[in-house]
Amino acid sequence: MTPEIEAKLKACPNLPSPPAIAVKILKLANEPEINIKSLTKVLNCDPALASRILKTANSPLYPYSKKVENLPQAVMILGLNAVIALALSFSLTKSFKKLPGPGLDYSLFWKRALIAGTASRILGKASGLQDLEALYLASLVQDIGMLALNQIYPDLYTKESLDQTCHDQLLRREREVLDIYHAEVGSWLLEYWGFPTHFSLATAYSDEPSLIPKQDEQTAFLNCVALSGKIAEIFIRDSTGDFVNALNQEFQRCLPLKEKVEFINVLQDVQDLIPEIEELFDVQIQTWDYPDAIVEQARETLLQRSLKTLKKVDELQVNNAAMEDQFERFKEKHKQDSLTGVLIRAYLDEYLKLSFEKAMANGESLSIVFCDLDKFKNVNDTYGHQAGDAILQSTAKVLVSKIRGYDMVGRYGGDEFVLILPRASTSAAKMVCGRILEGFCDSKFSNLEDPNLRVTISLGIATHSPENPYSSVSHLLQDADKAVYHSKTHDGNQCTHYEAMKTEQPV
């Protein structure tokens with residue numbers, strides 16, 4: 001706040017100030033040790049104030065089972081801090097309502113203040129806060145700076161086009177004329193009067209909740225005050241659906257709600273308590289003919305928002321399902337080698353790993369067959385890569401046609417293929433390899449320039465079994481590779497099993 005405005009506030013004879021009874025209560029509130037007797041003595045100095053405290057203790061705000069007969073009993077039931085906050089609320093409201101001033105709409109100002117106070121109690125309860133009366137008082141005085149600015153700058157709020165039901169318009173007017181907001185002035189005033197720090201902080205942040213410190217012990221208190229003023233605006237003007245929806249999101253995001261609380265229920269509770277607040281403060285807040293219409297309009301707005309959200313969720317789910325299906329098709333398509341149609345190396349490795357883990361877990365056999373075309377480089381060099389590709393395609397077809405339905409074929413690289421044969425013993429793997437060798441003898445590679453070209457293949461088997469277990473799948477694959485190398489170096493066109501390759505003659 002600028003020194004000029006501060007000087008004007010201190011020198012203003014009509015500056016809003018707490019009445020004598022409020023000053024005494026504030027003094028008591030700042031004392032380290034306060035008792036019921038001293039507070040009751042101060043309250044009894046103002047019979048009207050004491051009467052309102054009793055009336056509050058017997059109101060629906062405090063559903064006590066028995067009637068409260070006297071002030072000490074009210075203080076016992078409500079608590080010292082609650083009574084202090086209530087007493088300040090009543091005395092400040094009574095005093096400030098008498099302030100003169102042509103610019104500010106005082107009736108509208110107090111409607112907003114009292115509705116905000118009511119809303120803050122409900123927000124505080126939903127957030128699990130204990131000191132609801134302090135919260136009520138903080139919300140009640142959050143705009144007190146407007147009363148002060150109206151006294152020292154009488155023309156500030158007199159602009160004809162200014163809609164005082166719209167709080168944002170008031171803020172823009174203050175910034176445009178004074179380059180300051182009333183929250184800063186109000187925070188200064190509360191400090192100047194000796195209010196506890198959390199009241200001045202709540203006022204300072206009331207119009208800028210984005211600046212409220214996160215995860216602070218007072219965060220929930222400050223957010224309740226800031227939200228309360230915006231909720232009040234729903235009741236004093238024809239707020240748009242966007243305003244209600246944005247406030248609903250802020251409510252869900254900013255408050256530490258102890259259980260699921262619907263924003264529309266908060267508005268309904270505020271609406272239900274307004275008649276009680278009118279009676280306690282001797283003021284008329286509801287000037288509209290159909291007060292329930294405000295809540296119903298908000299309910300319809302939130303319902304429409306909810307339906308739109310559900311529709312978007314449904315659309316997102318449909319789109320997501322379509323994208324997942326498309327991705328799965330893409331993934332399935334790209335599992336296969338584009339030339340031969342068998343598994344690519346990455347998926348071959350993954351399938352081999354899973355097959356080995358399953359065999360280990362179930363105590364089953366697993367055979368791996370390494371397949372390598374004989375002298376394939378000579379074919380590429382003599383007939384070209386197109387002829388080589390044709391041979392690879394034919395090779396894949398032969399391999400797939402000779403295995404069982406649950407076996408798998410993958411291209412390991414170049415002209416190398418790997419067969420994964422789950423639950424296949426050594427003898428079963430040899431039978432599969434025998435069919436493959438026969439298949440190559442019968443195959444015709446008629447698309448080659450030389451119709452008499454003979455293509456052969458070397459095969460190497462390694463088998464994991466309960467009797468001959470392997471510690472890892474990589475060792476199993478390495479042994480199958482050693483076995484196929486044995487076949488190739490012994491003239492090819494044959495199958496070798498790793499365990500027997502040094503003693504058993506090739507097939």
# chains A, B, ... in the order shown; residues from 1 in each chain; ligands from 1
$ residues_around --residues "Lys353 of chain A" --least-positions-apart "6" --cutoff "12 Å" --atoms "only C-alpha atoms" --output "PDB file with N, CA and C atoms, in the first residue's frame"
ATOM      1  N   ALA A 346      13.022 -59.166 -32.225  1.00  0.00           N
ATOM      2  CA  ALA A 346      12.638 -58.672 -30.894  1.00  0.00           C
ATOM      3  C   ALA A 346      11.557 -59.544 -30.274  1.00  0.00           C
ATOM      4  N   TYR A 347      10.522 -59.872 -31.051  1.00  0.00           N
ATOM      5  CA  TYR A 347       9.435 -60.691 -30.525  1.00  0.00           C
ATOM      6  C   TYR A 347       9.858 -62.151 -30.385  1.00  0.00           C
ATOM      7  N   ALA A 359       8.540 -73.316 -19.169  1.00  0.00           N
ATOM      8  CA  ALA A 359       9.082 -74.677 -19.075  1.00  0.00           C
ATOM      9  C   ALA A 359       9.730 -74.908 -17.714  1.00  0.00           C
ATOM     10  N   MET A 360      10.461 -73.910 -17.215  1.00  0.00           N
ATOM     11  CA  MET A 360      11.086 -74.008 -15.900  1.00  0.00           C
ATOM     12  C   MET A 360      10.027 -74.146 -14.805  1.00  0.00           C
ATOM     13  N   LEU A 366      11.702 -78.109 -23.418  1.00  0.00           N
ATOM     14  CA  LEU A 366      11.653 -77.038 -24.423  1.00  0.00           C
ATOM     15  C   LEU A 366      12.828 -77.243 -25.364  1.00  0.00           C
ATOM     16  N   ILE A 368      14.948 -75.969 -28.818  1.00  0.00           N
ATOM     17  CA  ILE A 368      15.228 -74.852 -29.710  1.00  0.00           C
ATOM     18  C   ILE A 368      15.969 -75.401 -30.916  1.00  0.00           C
ATOM     19  N   ILE A 420      10.957 -72.474 -31.991  1.00  0.00           N
ATOM     20  CA  ILE A 420      10.700 -72.674 -30.559  1.00  0.00           C
ATOM     21  C   ILE A 420       9.655 -73.774 -30.440  1.00  0.00           C
ATOM     22  N   PRO A 422       7.790 -75.777 -27.709  1.00  0.00           N
ATOM     23  CA  PRO A 422       7.423 -76.043 -26.314  1.00  0.00           C
ATOM     24  C   PRO A 422       7.028 -77.498 -26.112  1.00  0.00           C
ATOM     25  N   SER A 472      19.800 -70.893 -18.092  1.00  0.00           N
ATOM     26  CA  SER A 472      19.279 -69.678 -18.730  1.00  0.00           C
ATOM     27  C   SER A 472      18.938 -69.967 -20.179  1.00  0.00           C
ATOM     28  N   VAL A 473      18.077 -69.148 -20.732  1.00  0.00           N
ATOM     29  CA  VAL A 473      17.660 -69.321 -22.117  1.00  0.00           C
ATOM     30  C   VAL A 473      18.795 -68.982 -23.062  1.00  0.00           C
ATOM     31  N   SER A 474      19.676 -68.073 -22.657  1.00  0.00           N
ATOM     32  CA  SER A 474      20.792 -67.699 -23.530  1.00  0.00           C
ATOM     33  C   SER A 474      21.739 -68.880 -23.738  1.00  0.00           C
ATOM     34  N   HIS A 475      21.954 -69.675 -22.684  1.00  0.00           N
ATOM     35  CA  HIS A 475      22.809 -70.861 -22.816  1.00  0.00           C
ATOM     36  C   HIS A 475      22.163 -71.891 -23.737  1.00  0.00           C
ATOM     37  N   LEU A 476      20.864 -72.028 -23.658  1.00  0.00           N
ATOM     38  CA  LEU A 476      20.133 -72.958 -24.517  1.00  0.00           C
ATOM     39  C   LEU A 476      20.288 -72.548 -25.979  1.00  0.00           C
ATOM     40  N   LEU A 477      20.151 -71.246 -26.237  1.00  0.00           N
ATOM     41  CA  LEU A 477      20.270 -70.744 -27.606  1.00  0.00           C
ATOM     42  C   LEU A 477      21.695 -70.900 -28.126  1.00  0.00           C
TER      43      LEU A 477
END
$ residues_around --residues "Ala424 of chain A" --least-positions-apart "5" --cutoff "7 Å" --atoms "only C-alpha atoms" --output "ChimeraX atom specification"
/A:365-367,429
$ residues_around --residues "Gln494 of chain A" --least-positions-apart "2" --cutoff "12 Å" --atoms "only C-alpha atoms" --output "PyMOL selection string"
chain A and resi 370-374+430+433-438+440-441+456-461+483-492+496-497+501+505-507
$ residues_around --residues "Asp389 of chain A" --least-positions-apart "5" --cutoff "12 Å" --atoms "only C-alpha atoms" --output "PDB file with N, CA and C atoms, in the first residue's frame"
ATOM      1  N   SER A 338       8.712 -58.423 -42.375  1.00  0.00           N
ATOM      2  CA  SER A 338       8.000 -57.967 -43.569  1.00  0.00           C
ATOM      3  C   SER A 338       8.258 -58.841 -44.787  1.00  0.00           C
ATOM      4  N   LEU A 339       9.399 -59.511 -44.823  1.00  0.00           N
ATOM      5  CA  LEU A 339       9.722 -60.351 -45.984  1.00  0.00           C
ATOM      6  C   LEU A 339       9.162 -61.759 -45.852  1.00  0.00           C
ATOM      7  N   THR A 340       9.362 -62.368 -44.714  1.00  0.00           N
ATOM      8  CA  THR A 340       9.041 -63.793 -44.566  1.00  0.00           C
ATOM      9  C   THR A 340       7.739 -64.076 -43.826  1.00  0.00           C
ATOM     10  N   PHE A 376      24.229 -69.732 -48.603  1.00  0.00           N
ATOM     11  CA  PHE A 376      23.242 -68.753 -49.079  1.00  0.00           C
ATOM     12  C   PHE A 376      23.923 -67.550 -49.721  1.00  0.00           C
ATOM     13  N   LYS A 377      25.116 -67.203 -49.287  1.00  0.00           N
ATOM     14  CA  LYS A 377      25.827 -66.059 -49.849  1.00  0.00           C
ATOM     15  C   LYS A 377      26.102 -66.285 -51.335  1.00  0.00           C
ATOM     16  N   VAL A 379      24.262 -67.880 -53.388  1.00  0.00           N
ATOM     17  CA  VAL A 379      23.013 -67.647 -54.133  1.00  0.00           C
ATOM     18  C   VAL A 379      22.838 -66.157 -54.393  1.00  0.00           C
ATOM     19  N   ASN A 380      23.038 -65.335 -53.360  1.00  0.00           N
ATOM     20  CA  ASN A 380      22.901 -63.888 -53.525  1.00  0.00           C
ATOM     21  C   ASN A 380      23.909 -63.358 -54.532  1.00  0.00           C
ATOM     22  N   TYR A 383      22.809 -65.062 -58.190  1.00  0.00           N
ATOM     23  CA  TYR A 383      21.488 -64.785 -58.776  1.00  0.00           C
ATOM     24  C   TYR A 383      20.888 -63.439 -58.352  1.00  0.00           C
ATOM     25  N   GLY A 384      21.525 -62.756 -57.393  1.00  0.00           N
ATOM     26  CA  GLY A 384      21.027 -61.457 -56.943  1.00  0.00           C
ATOM     27  C   GLY A 384      20.144 -61.563 -55.708  1.00  0.00           C
ATOM     28  N   SER A 394      10.402 -68.761 -49.302  1.00  0.00           N
ATOM     29  CA  SER A 394      10.070 -70.183 -49.429  1.00  0.00           C
ATOM     30  C   SER A 394      10.522 -70.960 -48.211  1.00  0.00           C
ATOM     31  N   THR A 395      11.686 -70.591 -47.675  1.00  0.00           N
ATOM     32  CA  THR A 395      12.205 -71.257 -46.477  1.00  0.00           C
ATOM     33  C   THR A 395      11.236 -71.094 -45.313  1.00  0.00           C
ATOM     34  N   ALA A 396      10.750 -69.868 -45.119  1.00  0.00           N
ATOM     35  CA  ALA A 396       9.817 -69.604 -44.030  1.00  0.00           C
ATOM     36  C   ALA A 396       8.549 -70.439 -44.175  1.00  0.00           C
ATOM     37  N   GLY A 414      19.358 -62.285 -41.201  1.00  0.00           N
ATOM     38  CA  GLY A 414      19.876 -62.773 -42.474  1.00  0.00           C
ATOM     39  C   GLY A 414      19.150 -64.015 -42.924  1.00  0.00           C
ATOM     40  N   ASP A 415      19.917 -65.118 -43.099  1.00  0.00           N
ATOM     41  CA  ASP A 415      19.310 -66.372 -43.535  1.00  0.00           C
ATOM     42  C   ASP A 415      19.159 -67.358 -42.382  1.00  0.00           C
ATOM     43  N   PHE A 445      12.242 -74.160 -56.373  1.00  0.00           N
ATOM     44  CA  PHE A 445      12.443 -72.722 -56.393  1.00  0.00           C
ATOM     45  C   PHE A 445      12.388 -72.260 -57.839  1.00  0.00           C
ATOM     46  N   ASN A 447      11.201 -69.802 -59.380  1.00  0.00           N
ATOM     47  CA  ASN A 447      11.343 -68.414 -59.784  1.00  0.00           C
ATOM     48  C   ASN A 447      12.812 -68.030 -59.979  1.00  0.00           C
ATOM     49  N   LEU A 448      13.733 -68.976 -59.802  1.00  0.00           N
ATOM     50  CA  LEU A 448      15.146 -68.684 -59.997  1.00  0.00           C
ATOM     51  C   LEU A 448      15.549 -68.905 -61.460  1.00  0.00           C
TER      52      LEU A 448
END
$ residues_around --residues "Lys397 of chain A" --least-positions-apart "5" --cutoff "12 Å" --atoms "only C-alpha atoms" --output "PyMOL selection string"
chain A and resi 339-342+390-392+402-403+409-410+417+436+439-440+443
$ atom_distance --atom1 "atom CA of Gln73 of chain A" --atom2 "atom CA of Ala48 of chain A"
17.1 Å
